[in-house]
file upload26.cif (mmCIF, N, CA and C atoms and all ligand atoms)
data_coords
loop_
_atom_site.label_atom_id
_atom_site.label_comp_id
_atom_site.auth_asym_id
_atom_site.auth_seq_id
_atom_site.Cartn_x
_atom_site.Cartn_y
_atom_site.Cartn_z
N MET A 17 5.24 45.07 -13.82
CA MET A 17 6.16 44.62 -14.86
C MET A 17 6.02 45.54 -16.09
N LYS A 18 7.15 45.79 -16.76
CA LYS A 18 7.10 46.62 -17.98
C LYS A 18 6.93 45.69 -19.18
N ILE A 19 5.84 45.88 -19.90
CA ILE A 19 5.43 44.94 -20.95
C ILE A 19 5.23 45.69 -22.26
N ALA A 20 5.82 45.16 -23.34
CA ALA A 20 5.61 45.72 -24.68
C ALA A 20 4.37 45.09 -25.29
N ILE A 21 3.56 45.90 -25.96
CA ILE A 21 2.38 45.36 -26.64
C ILE A 21 2.32 45.90 -28.06
N GLY A 22 1.92 45.04 -28.99
CA GLY A 22 1.82 45.46 -30.38
C GLY A 22 0.76 44.64 -31.10
N ASN A 23 0.27 45.18 -32.19
CA ASN A 23 -0.89 44.58 -32.87
C ASN A 23 -1.03 45.14 -34.28
N ASP A 24 -1.84 44.47 -35.08
CA ASP A 24 -2.18 45.05 -36.39
C ASP A 24 -3.58 45.67 -36.31
N HIS A 25 -4.11 46.05 -37.46
CA HIS A 25 -5.39 46.79 -37.52
C HIS A 25 -6.57 45.96 -37.04
N VAL A 26 -6.45 44.63 -37.13
CA VAL A 26 -7.54 43.75 -36.71
C VAL A 26 -7.73 43.76 -35.19
N ALA A 27 -6.67 44.11 -34.48
CA ALA A 27 -6.63 43.86 -33.03
C ALA A 27 -6.53 45.12 -32.17
N VAL A 28 -6.89 46.25 -32.71
CA VAL A 28 -6.77 47.51 -31.94
C VAL A 28 -7.67 47.46 -30.70
N GLY A 29 -8.91 47.03 -30.88
CA GLY A 29 -9.84 46.96 -29.75
C GLY A 29 -9.36 46.00 -28.68
N MET A 30 -8.88 44.83 -29.08
CA MET A 30 -8.37 43.85 -28.11
C MET A 30 -7.14 44.40 -27.43
N LYS A 31 -6.24 45.04 -28.17
CA LYS A 31 -5.05 45.63 -27.55
C LYS A 31 -5.45 46.65 -26.49
N ASN A 32 -6.42 47.51 -26.81
CA ASN A 32 -6.85 48.53 -25.85
C ASN A 32 -7.45 47.88 -24.60
N HIS A 33 -8.22 46.84 -24.82
CA HIS A 33 -8.83 46.15 -23.69
C HIS A 33 -7.76 45.55 -22.78
N ILE A 34 -6.82 44.84 -23.36
CA ILE A 34 -5.77 44.19 -22.56
C ILE A 34 -4.87 45.24 -21.90
N THR A 35 -4.63 46.33 -22.57
CA THR A 35 -3.83 47.41 -21.97
C THR A 35 -4.51 47.96 -20.72
N GLU A 36 -5.80 48.23 -20.84
CA GLU A 36 -6.55 48.73 -19.67
C GLU A 36 -6.56 47.69 -18.55
N TYR A 37 -6.78 46.45 -18.93
CA TYR A 37 -6.84 45.36 -17.95
C TYR A 37 -5.53 45.23 -17.17
N LEU A 38 -4.42 45.25 -17.87
CA LEU A 38 -3.12 45.06 -17.20
C LEU A 38 -2.66 46.32 -16.49
N THR A 39 -3.01 47.47 -17.01
CA THR A 39 -2.66 48.73 -16.33
C THR A 39 -3.35 48.80 -14.98
N ALA A 40 -4.61 48.37 -14.95
CA ALA A 40 -5.36 48.36 -13.69
C ALA A 40 -4.74 47.43 -12.67
N LYS A 41 -3.96 46.45 -13.16
CA LYS A 41 -3.29 45.51 -12.24
C LYS A 41 -1.91 46.01 -11.85
N GLY A 42 -1.53 47.20 -12.32
CA GLY A 42 -0.26 47.80 -11.90
C GLY A 42 0.89 47.62 -12.87
N HIS A 43 0.64 46.99 -14.02
CA HIS A 43 1.71 46.82 -15.01
C HIS A 43 1.91 48.10 -15.80
N GLU A 44 3.13 48.26 -16.31
CA GLU A 44 3.42 49.38 -17.21
C GLU A 44 3.41 48.84 -18.64
N ILE A 45 2.49 49.31 -19.45
CA ILE A 45 2.34 48.79 -20.80
C ILE A 45 2.87 49.81 -21.80
N ILE A 46 3.84 49.37 -22.61
CA ILE A 46 4.41 50.24 -23.64
C ILE A 46 3.79 49.85 -24.98
N ASN A 47 3.09 50.78 -25.58
CA ASN A 47 2.32 50.51 -26.80
C ASN A 47 3.15 50.80 -28.05
N PHE A 48 3.32 49.77 -28.89
CA PHE A 48 4.07 49.93 -30.13
C PHE A 48 3.14 49.98 -31.35
N GLY A 49 1.81 50.07 -31.11
CA GLY A 49 0.88 50.23 -32.22
C GLY A 49 0.55 48.92 -32.89
N THR A 50 -0.30 49.06 -33.89
CA THR A 50 -0.93 50.23 -34.48
C THR A 50 -2.14 50.67 -33.64
N ASP A 51 -2.62 51.87 -33.91
CA ASP A 51 -3.75 52.36 -33.12
C ASP A 51 -4.94 52.77 -33.97
N THR A 52 -4.92 52.43 -35.24
CA THR A 52 -6.06 52.76 -36.10
C THR A 52 -6.51 51.50 -36.84
N ALA A 53 -7.70 51.61 -37.43
CA ALA A 53 -8.26 50.49 -38.18
C ALA A 53 -7.75 50.44 -39.62
N GLU A 54 -6.86 51.35 -39.95
CA GLU A 54 -6.32 51.38 -41.31
C GLU A 54 -5.46 50.14 -41.54
N ARG A 55 -5.67 49.46 -42.65
CA ARG A 55 -4.97 48.21 -42.92
C ARG A 55 -3.45 48.42 -42.86
N CYS A 56 -2.77 47.51 -42.19
CA CYS A 56 -1.31 47.65 -42.04
C CYS A 56 -0.68 46.26 -42.11
N ASP A 57 0.62 46.22 -41.97
CA ASP A 57 1.38 44.97 -42.11
C ASP A 57 1.91 44.53 -40.75
N TYR A 58 1.41 43.40 -40.27
CA TYR A 58 1.74 42.95 -38.90
C TYR A 58 3.23 42.74 -38.62
N PRO A 59 4.09 42.42 -39.64
CA PRO A 59 5.51 42.23 -39.28
C PRO A 59 6.14 43.48 -38.66
N ILE A 60 5.66 44.65 -39.03
CA ILE A 60 6.21 45.90 -38.47
C ILE A 60 6.07 45.90 -36.96
N TYR A 61 4.92 45.48 -36.48
CA TYR A 61 4.64 45.56 -35.04
C TYR A 61 5.23 44.37 -34.28
N GLY A 62 5.31 43.24 -34.96
CA GLY A 62 5.99 42.09 -34.36
C GLY A 62 7.46 42.41 -34.11
N LYS A 63 8.08 43.08 -35.08
CA LYS A 63 9.50 43.45 -34.96
C LYS A 63 9.70 44.50 -33.86
N LYS A 64 8.83 45.48 -33.78
CA LYS A 64 8.99 46.53 -32.76
C LYS A 64 8.93 45.94 -31.35
N VAL A 65 7.97 45.08 -31.12
CA VAL A 65 7.83 44.48 -29.80
C VAL A 65 9.00 43.53 -29.52
N ALA A 66 9.40 42.76 -30.52
CA ALA A 66 10.55 41.85 -30.35
C ALA A 66 11.80 42.64 -29.99
N ASP A 67 12.04 43.75 -30.66
CA ASP A 67 13.22 44.57 -30.38
C ASP A 67 13.18 45.12 -28.95
N ALA A 68 11.99 45.51 -28.52
CA ALA A 68 11.85 46.06 -27.15
C ALA A 68 12.16 45.00 -26.10
N VAL A 69 11.82 43.76 -26.39
CA VAL A 69 12.07 42.67 -25.44
C VAL A 69 13.55 42.26 -25.46
N VAL A 70 14.10 42.10 -26.65
CA VAL A 70 15.50 41.67 -26.77
C VAL A 70 16.45 42.73 -26.20
N SER A 71 16.12 43.99 -26.37
CA SER A 71 16.99 45.07 -25.86
C SER A 71 16.91 45.20 -24.35
N GLY A 72 15.87 44.62 -23.75
CA GLY A 72 15.70 44.74 -22.31
C GLY A 72 14.84 45.92 -21.90
N GLU A 73 14.40 46.69 -22.90
CA GLU A 73 13.51 47.83 -22.59
C GLU A 73 12.26 47.33 -21.87
N CYS A 74 11.76 46.20 -22.33
CA CYS A 74 10.58 45.59 -21.70
C CYS A 74 10.92 44.15 -21.32
N GLU A 75 10.30 43.69 -20.24
CA GLU A 75 10.60 42.35 -19.73
C GLU A 75 9.98 41.27 -20.60
N LEU A 76 8.72 41.49 -20.97
CA LEU A 76 7.98 40.53 -21.79
C LEU A 76 7.15 41.30 -22.82
N GLY A 77 6.62 40.54 -23.81
CA GLY A 77 5.82 41.19 -24.86
C GLY A 77 4.50 40.48 -25.09
N ILE A 78 3.56 41.24 -25.63
CA ILE A 78 2.25 40.71 -26.02
C ILE A 78 2.00 41.14 -27.46
N LEU A 79 1.65 40.19 -28.32
CA LEU A 79 1.36 40.49 -29.73
C LEU A 79 -0.01 39.95 -30.10
N ILE A 80 -0.75 40.76 -30.83
CA ILE A 80 -2.12 40.36 -31.21
C ILE A 80 -2.36 40.75 -32.67
N CYS A 81 -2.79 39.77 -33.47
CA CYS A 81 -3.28 40.06 -34.81
C CYS A 81 -4.57 39.25 -34.96
N GLY A 82 -4.98 38.94 -36.18
CA GLY A 82 -6.22 38.20 -36.34
C GLY A 82 -6.16 36.84 -35.69
N THR A 83 -5.08 36.12 -35.98
CA THR A 83 -4.90 34.78 -35.42
C THR A 83 -3.79 34.72 -34.38
N GLY A 84 -2.93 35.71 -34.36
CA GLY A 84 -1.73 35.67 -33.53
C GLY A 84 -0.56 35.01 -34.25
N ILE A 85 -0.84 34.41 -35.38
CA ILE A 85 0.20 33.61 -36.04
C ILE A 85 1.20 34.47 -36.82
N GLY A 86 0.69 35.30 -37.72
CA GLY A 86 1.61 36.08 -38.56
C GLY A 86 2.53 36.96 -37.74
N ILE A 87 1.97 37.63 -36.77
CA ILE A 87 2.75 38.57 -35.96
C ILE A 87 3.78 37.84 -35.10
N SER A 88 3.47 36.61 -34.68
CA SER A 88 4.45 35.83 -33.90
C SER A 88 5.54 35.28 -34.81
N LEU A 89 5.19 34.91 -36.03
CA LEU A 89 6.21 34.44 -36.97
C LEU A 89 7.24 35.53 -37.22
N ALA A 90 6.75 36.75 -37.37
CA ALA A 90 7.67 37.89 -37.59
C ALA A 90 8.57 38.09 -36.37
N ALA A 91 7.97 38.09 -35.18
CA ALA A 91 8.75 38.32 -33.96
C ALA A 91 9.81 37.23 -33.78
N ASN A 92 9.47 36.00 -34.14
CA ASN A 92 10.40 34.89 -33.95
C ASN A 92 11.62 34.95 -34.87
N LYS A 93 11.60 35.86 -35.83
CA LYS A 93 12.79 36.05 -36.69
C LYS A 93 13.85 36.90 -36.01
N VAL A 94 13.51 37.52 -34.89
CA VAL A 94 14.47 38.33 -34.14
C VAL A 94 15.21 37.41 -33.16
N LYS A 95 16.53 37.42 -33.21
CA LYS A 95 17.32 36.53 -32.36
C LYS A 95 17.03 36.79 -30.89
N GLY A 96 16.79 35.71 -30.17
CA GLY A 96 16.53 35.82 -28.74
C GLY A 96 15.05 35.82 -28.40
N ILE A 97 14.21 35.89 -29.44
CA ILE A 97 12.76 35.89 -29.19
C ILE A 97 12.21 34.48 -29.24
N ARG A 98 11.37 34.17 -28.26
CA ARG A 98 10.58 32.95 -28.26
C ARG A 98 9.13 33.39 -28.08
N ALA A 99 8.46 33.57 -29.21
CA ALA A 99 7.07 34.04 -29.20
C ALA A 99 6.15 32.85 -29.42
N ALA A 100 5.18 32.67 -28.53
CA ALA A 100 4.29 31.52 -28.58
C ALA A 100 2.84 31.97 -28.79
N VAL A 101 2.19 31.37 -29.79
CA VAL A 101 0.77 31.62 -30.00
C VAL A 101 -0.02 30.71 -29.07
N CYS A 102 -0.85 31.29 -28.23
CA CYS A 102 -1.65 30.50 -27.30
C CYS A 102 -3.10 30.95 -27.33
N SER A 103 -3.99 29.99 -27.47
CA SER A 103 -5.42 30.29 -27.46
C SER A 103 -6.08 29.83 -26.18
N ASP A 104 -5.27 29.32 -25.26
CA ASP A 104 -5.84 28.86 -23.99
C ASP A 104 -4.89 29.19 -22.85
N PRO A 105 -5.42 29.38 -21.65
CA PRO A 105 -4.60 29.77 -20.50
C PRO A 105 -3.56 28.73 -20.09
N TYR A 106 -3.89 27.46 -20.24
CA TYR A 106 -2.94 26.41 -19.84
C TYR A 106 -1.65 26.50 -20.67
N SER A 107 -1.81 26.63 -21.99
CA SER A 107 -0.63 26.75 -22.84
C SER A 107 0.15 28.01 -22.52
N ALA A 108 -0.56 29.08 -22.19
CA ALA A 108 0.09 30.35 -21.86
C ALA A 108 0.97 30.21 -20.62
N ARG A 109 0.50 29.47 -19.63
CA ARG A 109 1.30 29.24 -18.42
C ARG A 109 2.51 28.35 -18.74
N LEU A 110 2.25 27.26 -19.47
CA LEU A 110 3.32 26.30 -19.75
C LEU A 110 4.40 26.86 -20.66
N THR A 111 4.03 27.78 -21.54
CA THR A 111 5.07 28.30 -22.43
C THR A 111 6.03 29.22 -21.70
N ARG A 112 5.62 29.76 -20.55
CA ARG A 112 6.57 30.48 -19.67
C ARG A 112 7.37 29.46 -18.87
N GLN A 113 6.68 28.51 -18.26
CA GLN A 113 7.34 27.57 -17.34
C GLN A 113 8.35 26.67 -18.05
N HIS A 114 8.01 26.20 -19.25
CA HIS A 114 8.85 25.22 -19.93
C HIS A 114 9.66 25.80 -21.10
N ASN A 115 9.05 26.69 -21.86
CA ASN A 115 9.72 27.20 -23.07
C ASN A 115 10.42 28.53 -22.84
N ASN A 116 10.23 29.10 -21.67
CA ASN A 116 10.78 30.44 -21.38
C ASN A 116 10.40 31.43 -22.47
N ALA A 117 9.17 31.32 -22.96
CA ALA A 117 8.69 32.26 -23.98
C ALA A 117 8.76 33.67 -23.43
N ASN A 118 9.22 34.59 -24.27
CA ASN A 118 9.28 35.99 -23.82
C ASN A 118 8.25 36.88 -24.50
N ILE A 119 7.48 36.28 -25.41
CA ILE A 119 6.34 36.98 -26.00
C ILE A 119 5.17 36.01 -26.08
N ILE A 120 4.00 36.48 -25.68
CA ILE A 120 2.77 35.71 -25.88
C ILE A 120 2.01 36.36 -27.04
N ALA A 121 1.46 35.52 -27.92
CA ALA A 121 0.67 36.03 -29.03
C ALA A 121 -0.68 35.32 -29.03
N PHE A 122 -1.69 36.04 -29.43
CA PHE A 122 -3.00 35.41 -29.61
C PHE A 122 -3.80 36.17 -30.64
N GLY A 123 -4.92 35.57 -31.04
CA GLY A 123 -5.70 36.12 -32.14
C GLY A 123 -6.96 36.83 -31.65
N ALA A 124 -7.12 38.05 -32.08
CA ALA A 124 -8.33 38.81 -31.72
C ALA A 124 -9.57 38.22 -32.37
N ARG A 125 -9.36 37.43 -33.45
CA ARG A 125 -10.48 36.76 -34.12
C ARG A 125 -10.67 35.34 -33.60
N VAL A 126 -9.80 34.94 -32.65
CA VAL A 126 -9.83 33.56 -32.16
C VAL A 126 -10.38 33.48 -30.74
N VAL A 127 -9.90 34.37 -29.88
CA VAL A 127 -10.33 34.34 -28.47
C VAL A 127 -11.10 35.61 -28.14
N GLY A 128 -12.01 35.49 -27.20
CA GLY A 128 -12.75 36.64 -26.69
C GLY A 128 -11.96 37.34 -25.59
N GLU A 129 -12.49 38.46 -25.14
CA GLU A 129 -11.76 39.27 -24.16
C GLU A 129 -11.52 38.54 -22.84
N ALA A 130 -12.50 37.79 -22.38
CA ALA A 130 -12.34 37.09 -21.10
C ALA A 130 -11.24 36.04 -21.18
N THR A 131 -11.21 35.30 -22.28
CA THR A 131 -10.14 34.30 -22.46
C THR A 131 -8.79 34.99 -22.61
N ALA A 132 -8.76 36.09 -23.33
CA ALA A 132 -7.51 36.84 -23.50
C ALA A 132 -6.97 37.31 -22.15
N GLU A 133 -7.86 37.74 -21.28
CA GLU A 133 -7.42 38.17 -19.94
C GLU A 133 -6.77 36.99 -19.21
N MET A 134 -7.39 35.83 -19.29
CA MET A 134 -6.84 34.65 -18.61
C MET A 134 -5.50 34.25 -19.22
N ILE A 135 -5.39 34.36 -20.52
CA ILE A 135 -4.13 34.01 -21.20
C ILE A 135 -2.99 34.92 -20.72
N VAL A 136 -3.22 36.22 -20.69
CA VAL A 136 -2.13 37.12 -20.27
C VAL A 136 -1.84 36.95 -18.77
N ASP A 137 -2.86 36.71 -17.97
CA ASP A 137 -2.64 36.48 -16.53
C ASP A 137 -1.73 35.27 -16.32
N GLU A 138 -2.05 34.17 -16.96
CA GLU A 138 -1.25 32.94 -16.79
C GLU A 138 0.18 33.16 -17.26
N PHE A 139 0.31 33.83 -18.40
CA PHE A 139 1.63 34.07 -18.97
C PHE A 139 2.48 34.94 -18.04
N LEU A 140 1.90 36.01 -17.55
CA LEU A 140 2.67 36.98 -16.75
C LEU A 140 2.95 36.47 -15.33
N ASN A 141 2.08 35.63 -14.82
CA ASN A 141 2.24 35.17 -13.44
C ASN A 141 3.12 33.92 -13.32
N ALA A 142 3.33 33.23 -14.43
CA ALA A 142 4.14 32.01 -14.39
C ALA A 142 5.62 32.35 -14.40
N GLU A 143 6.43 31.41 -13.90
CA GLU A 143 7.89 31.61 -13.90
C GLU A 143 8.56 30.46 -14.63
N TYR A 144 9.60 30.81 -15.35
CA TYR A 144 10.40 29.80 -16.04
C TYR A 144 11.02 28.84 -15.02
N GLU A 145 10.90 27.55 -15.29
CA GLU A 145 11.36 26.55 -14.32
C GLU A 145 12.83 26.16 -14.49
N GLY A 146 13.42 26.47 -15.65
CA GLY A 146 14.83 26.14 -15.87
C GLY A 146 15.05 24.63 -15.82
N GLY A 147 16.16 24.22 -15.22
CA GLY A 147 16.45 22.78 -15.08
C GLY A 147 16.51 22.08 -16.42
N ARG A 148 15.77 21.00 -16.53
CA ARG A 148 15.83 20.17 -17.75
C ARG A 148 15.38 20.96 -18.98
N HIS A 149 14.57 22.00 -18.77
CA HIS A 149 14.07 22.77 -19.92
C HIS A 149 15.17 23.62 -20.55
N GLN A 150 16.20 23.95 -19.76
CA GLN A 150 17.25 24.84 -20.29
C GLN A 150 18.02 24.18 -21.43
N THR A 151 18.19 22.85 -21.34
CA THR A 151 18.88 22.13 -22.41
C THR A 151 18.17 22.36 -23.75
N ARG A 152 16.86 22.31 -23.71
CA ARG A 152 16.08 22.46 -24.94
C ARG A 152 16.10 23.90 -25.43
N ILE A 153 16.06 24.84 -24.48
CA ILE A 153 16.13 26.26 -24.87
C ILE A 153 17.50 26.54 -25.50
N ASP A 154 18.54 25.93 -24.94
CA ASP A 154 19.88 26.10 -25.51
C ASP A 154 19.93 25.52 -26.92
N MET A 155 19.23 24.42 -27.16
CA MET A 155 19.19 23.82 -28.51
C MET A 155 18.47 24.74 -29.49
N ILE A 156 17.39 25.37 -29.03
CA ILE A 156 16.68 26.32 -29.90
C ILE A 156 17.62 27.48 -30.26
N SER A 157 18.38 27.95 -29.27
CA SER A 157 19.33 29.04 -29.52
C SER A 157 20.41 28.58 -30.50
N ALA A 158 20.85 27.34 -30.36
CA ALA A 158 21.88 26.81 -31.28
C ALA A 158 21.35 26.77 -32.71
N ILE A 159 20.11 26.40 -32.89
CA ILE A 159 19.51 26.41 -34.23
C ILE A 159 19.51 27.85 -34.77
N GLU A 160 19.14 28.78 -33.90
CA GLU A 160 19.08 30.19 -34.28
C GLU A 160 20.46 30.70 -34.73
N GLN A 161 21.51 30.22 -34.05
CA GLN A 161 22.88 30.67 -34.34
C GLN A 161 23.52 29.88 -35.49
N GLY A 162 22.77 28.92 -36.06
CA GLY A 162 23.33 28.10 -37.14
C GLY A 162 24.34 27.10 -36.65
N GLU A 163 24.30 26.76 -35.37
CA GLU A 163 25.27 25.84 -34.77
C GLU A 163 24.72 24.42 -34.66
N MET A 164 23.56 24.21 -35.16
CA MET A 164 22.94 22.89 -35.02
C MET A 164 22.11 22.58 -36.25
C1 LIG A 201 -4.97 40.44 -41.35
O1 LIG A 201 -6.04 40.34 -42.25
C2 LIG A 201 -4.60 39.07 -40.86
O2 LIG A 201 -3.98 38.35 -41.87
C3 LIG A 201 -3.69 39.18 -39.65
O3 LIG A 201 -4.34 39.88 -38.65
C4 LIG A 201 -3.25 37.88 -39.01
O4 LIG A 201 -4.31 37.05 -38.73
C5 LIG A 201 -2.14 37.16 -39.69
O5 LIG A 201 -1.62 36.14 -39.21
#
call {"tool": "encode", "arguments": {"input": "upload26.cif", "output": "structure tokens", "more": "lines below"}}
Ligand code: RB5
result
Amino acid sequence: MKIAIGNDHVAVGMKNHITEYLTAKGHEIINFGTDTAERCDYPIYGKKVADAVVSGECELGILICGTGIGISLAANKVKGIRAAVCSDPYSARLTRQHNNANIIAFGARVVGEATAEMIVDEFLNAEYEGGRHQTRIDMISAIEQGEM
């Protein structure tokens, strides 16, 4: 799967770890940065990854900052993005199955590497179930479009 990944300065090491981990599993990871420890602003990277997902360049996205929160808030301002912060594998699976999340976010200061691996595995391996969940996704889209 072609996956966009982005992060701020807090999460360079975690981004590199997850990139290596998923590349070894055969995924194509497109890196949108940052790649240095120099302090930066996470909305830049949240937007880059969100744009890559909405445009169809990448199927899904991964965002990492200190908590995963700021960078996901930024990504969620892009129409069509459903970015979910998950600190556990169960939520990561369910946000694909029920919420059709197209970006997973987590915090490099919140979860360790082993948990992060499980989170991305669950997210990438799960499938959106549709059905009754689509009504709710449509309502989220209606809010986004100012129709509700
Ligand atoms: C950066 O210090 C920190 O605020 C950022 O990584 C993230 O946790 C924001 O939500």
call {"tool": "closest_atom_pairs", "arguments": {"input": "upload26.cif", "of": "chain A", "to": "ligand LIG 201 (chain A)", "cutoff": "5 Å", "atoms": "only N, CA and C atoms and all ligand atoms", "output": "tab-separated table"}}
result
residue	atom	partner	partner_atom	distance
A:Cys81	C	A:LIG201	O3	3.8
A:Gly82	N	A:LIG201	O3	2.7
A:Thr83	N	A:LIG201	O4	3.0
A:Gly84	N	A:LIG201	O4	4.8
A:Ile85	C	A:LIG201	O5	4.1
A:Gly86	N	A:LIG201	O5	2.9
A:Ile87	N	A:LIG201	O5	4.6
call {"tool": "atom_distance", "arguments": {"input": "upload26.cif", "atom1": "CA of Ile19 in chain A", "atom2": "CA of Ala99 in chain A"}}
result
13.8 Å
call {"tool": "closest_residue", "arguments": {"input": "upload26.cif", "among": "A:Ser103, A:Thr50, A:Gln150, A:Gln161", "to": "Ala124 in chain A", "atoms": "only C-alpha atoms"}}
result
A:Ser103
call {"tool": "residues_around", "arguments": {"input": "upload26.cif", "residues": "Val26 in chain A", "least_positions_apart": "4", "cutoff": "7 Å", "atoms": "only N, CA and C atoms", "output": "list in words"}}
result
Met30, Thr52, Ala53, Arg55, Cys56, Ile80, Cys81, Gly82, Ala124 and Arg125 of chain A
call {"tool": "atom_distance", "arguments": {"input": "upload26.cif", "atom1": "atom N of Glu160 in chain A", "atom2": "atom N of Cys74 in chain A"}}
result
22.2 Å
call {"tool": "residues_near_point", "arguments": {"input": "upload26.cif", "point": "(6.7, 45.9, -23.8)", "cutoff": "8 Å", "atoms": "only N, CA and C atoms", "output": "mmCIF file with N, CA and C atoms, in the coordinates of the input"}}
result
data_model
loop_
_atom_site.group_PDB
_atom_site.id
_atom_site.type_symbol
_atom_site.label_atom_id
_atom_site.label_comp_id
_atom_site.auth_asym_id
_atom_site.auth_seq_id
_atom_site.Cartn_x
_atom_site.Cartn_y
_atom_site.Cartn_z
ATOM 1 N N MET A 17 5.240 45.070 -13.820
ATOM 2 C CA MET A 17 6.160 44.620 -14.860
ATOM 3 C C MET A 17 6.020 45.540 -16.090
ATOM 4 N N LYS A 18 7.150 45.790 -16.760
ATOM 5 C CA LYS A 18 7.100 46.620 -17.980
ATOM 6 C C LYS A 18 6.930 45.690 -19.180
ATOM 7 N N ILE A 19 5.840 45.880 -19.900
ATOM 8 C CA ILE A 19 5.430 44.940 -20.950
ATOM 9 C C ILE A 19 5.230 45.690 -22.260
ATOM 10 N N ALA A 20 5.820 45.160 -23.340
ATOM 11 C CA ALA A 20 5.610 45.720 -24.680
ATOM 12 C C ALA A 20 4.370 45.090 -25.290
ATOM 13 N N ILE A 21 3.560 45.900 -25.960
ATOM 14 C CA ILE A 21 2.380 45.360 -26.640
ATOM 15 C C ILE A 21 2.320 45.900 -28.060
ATOM 16 N N GLY A 22 1.920 45.040 -28.990
ATOM 17 C CA GLY A 22 1.820 45.460 -30.380
ATOM 18 C C GLY A 22 0.760 44.640 -31.100
ATOM 19 N N GLU A 44 3.130 48.260 -16.310
ATOM 20 C CA GLU A 44 3.420 49.380 -17.210
ATOM 21 C C GLU A 44 3.410 48.840 -18.640
ATOM 22 N N ILE A 45 2.490 49.310 -19.450
ATOM 23 C CA ILE A 45 2.340 48.790 -20.800
ATOM 24 C C ILE A 45 2.870 49.810 -21.800
ATOM 25 N N ILE A 46 3.840 49.370 -22.610
ATOM 26 C CA ILE A 46 4.410 50.240 -23.640
ATOM 27 C C ILE A 46 3.790 49.850 -24.980
ATOM 28 N N ASN A 47 3.090 50.780 -25.580
ATOM 29 C CA ASN A 47 2.320 50.510 -26.800
ATOM 30 C C ASN A 47 3.150 50.800 -28.050
ATOM 31 N N PHE A 48 3.320 49.770 -28.890
ATOM 32 C CA PHE A 48 4.070 49.930 -30.130
ATOM 33 C C PHE A 48 3.140 49.980 -31.350
ATOM 34 N N LYS A 64 8.830 45.480 -33.780
ATOM 35 C CA LYS A 64 8.990 46.530 -32.760
ATOM 36 C C LYS A 64 8.930 45.940 -31.350
ATOM 37 N N VAL A 65 7.970 45.080 -31.120
ATOM 38 C CA VAL A 65 7.830 44.480 -29.800
ATOM 39 C C VAL A 65 9.000 43.530 -29.520
ATOM 40 N N ALA A 66 9.400 42.760 -30.520
ATOM 41 C CA ALA A 66 10.550 41.850 -30.350
ATOM 42 C C ALA A 66 11.800 42.640 -29.990
ATOM 43 N N ALA A 68 11.990 45.510 -28.520
ATOM 44 C CA ALA A 68 11.850 46.060 -27.150
ATOM 45 C C ALA A 68 12.160 45.000 -26.100
ATOM 46 N N VAL A 69 11.820 43.760 -26.390
ATOM 47 C CA VAL A 69 12.070 42.670 -25.440
ATOM 48 C C VAL A 69 13.550 42.260 -25.460
ATOM 49 N N GLU A 73 14.400 46.690 -22.900
ATOM 50 C CA GLU A 73 13.510 47.830 -22.590
ATOM 51 C C GLU A 73 12.260 47.330 -21.870
ATOM 52 N N CYS A 74 11.760 46.200 -22.330
ATOM 53 C CA CYS A 74 10.580 45.590 -21.700
ATOM 54 C C CYS A 74 10.920 44.150 -21.320
ATOM 55 N N GLU A 75 10.300 43.690 -20.240
ATOM 56 C CA GLU A 75 10.600 42.350 -19.730
ATOM 57 C C GLU A 75 9.980 41.270 -20.600
ATOM 58 N N LEU A 76 8.720 41.490 -20.970
ATOM 59 C CA LEU A 76 7.980 40.530 -21.790
ATOM 60 C C LEU A 76 7.150 41.300 -22.820
ATOM 61 N N GLY A 77 6.620 40.540 -23.810
ATOM 62 C CA GLY A 77 5.820 41.190 -24.860
ATOM 63 C C GLY A 77 4.500 40.480 -25.090
ATOM 64 N N ILE A 78 3.560 41.240 -25.630
ATOM 65 C CA ILE A 78 2.250 40.710 -26.020
ATOM 66 C C ILE A 78 2.000 41.140 -27.460
#
call {"tool": "select_by_dssp", "arguments": {"input": "upload26.cif", "residues": "chain A", "states": "strand (DSSP E)", "output": "list in words"}}
result
Lys18, Ile19, Ala20, Ile21, Gly22, Asn23, Glu44, Ile45, Ile46, Asn47, Leu76, Gly77, Ile78, Leu79, Ile80, Cys81, Ala99, Ala100, Val101, Ile119, Ile120, Ala121, Phe122 and Gly123 of chain A
call {"tool": "atom_distance", "arguments": {"input": "upload26.cif", "atom1": "atom C of Cys102 in chain A", "atom2": "CA of Asn115 in chain A"}}
result
14.0 Å
call {"tool": "closest_residue", "arguments": {"input": "upload26.cif", "among": "A:Gly62, A:Lys95, A:Pro105, A:Gly146", "to": "Val127 in chain A", "atoms": "only C-alpha atoms"}}
result
A:Pro105
call {"tool": "closest_residue", "arguments": {"input": "upload26.cif", "among": "A:Asp57, A:Asp67, A:Glu143, A:Asp24", "to": "Val94 in chain A", "atoms": "all atoms listed in the file"}}
result
A:Asp67
call {"tool": "residues_near_point", "arguments": {"input": "upload26.cif", "point": "(2.8, 31.4, -15.9)", "cutoff": "8 Å", "atoms": "only C-alpha atoms", "output": "ChimeraX atom specification"}}
result
/A:108-113,137-144
call {"tool": "closest_residue", "arguments": {"input": "upload26.cif", "among": "A:Lys93, A:Glu129, A:Ala121, A:Ile34", "to": "Lys63 in chain A", "atoms": "all atoms listed in the file"}}
result
A:Lys93
call {"tool": "closest_residue", "arguments": {"input": "upload26.cif", "among": "A:Val28, A:Ile156, A:Ile60, A:Leu79", "to": "Gly96 in chain A", "atoms": "only C-alpha atoms"}}
result
A:Ile156
call {"tool": "closest_residue", "arguments": {"input": "upload26.cif", "among": "A:Ser71, A:Gly162, A:Asp104, A:Gly49", "to": "Met134 in chain A", "atoms": "all atoms listed in the file"}}
result
A:Asp104
call {"tool": "select_by_dssp", "arguments": {"input": "upload26.cif", "residues": "chain A", "states": "alpha helix (DSSP H)", "output": "VMD selection string"}}
result
chain A and resid 28 to 40 58 to 70 85 to 91 105 to 113 129 to 141 148 to 160
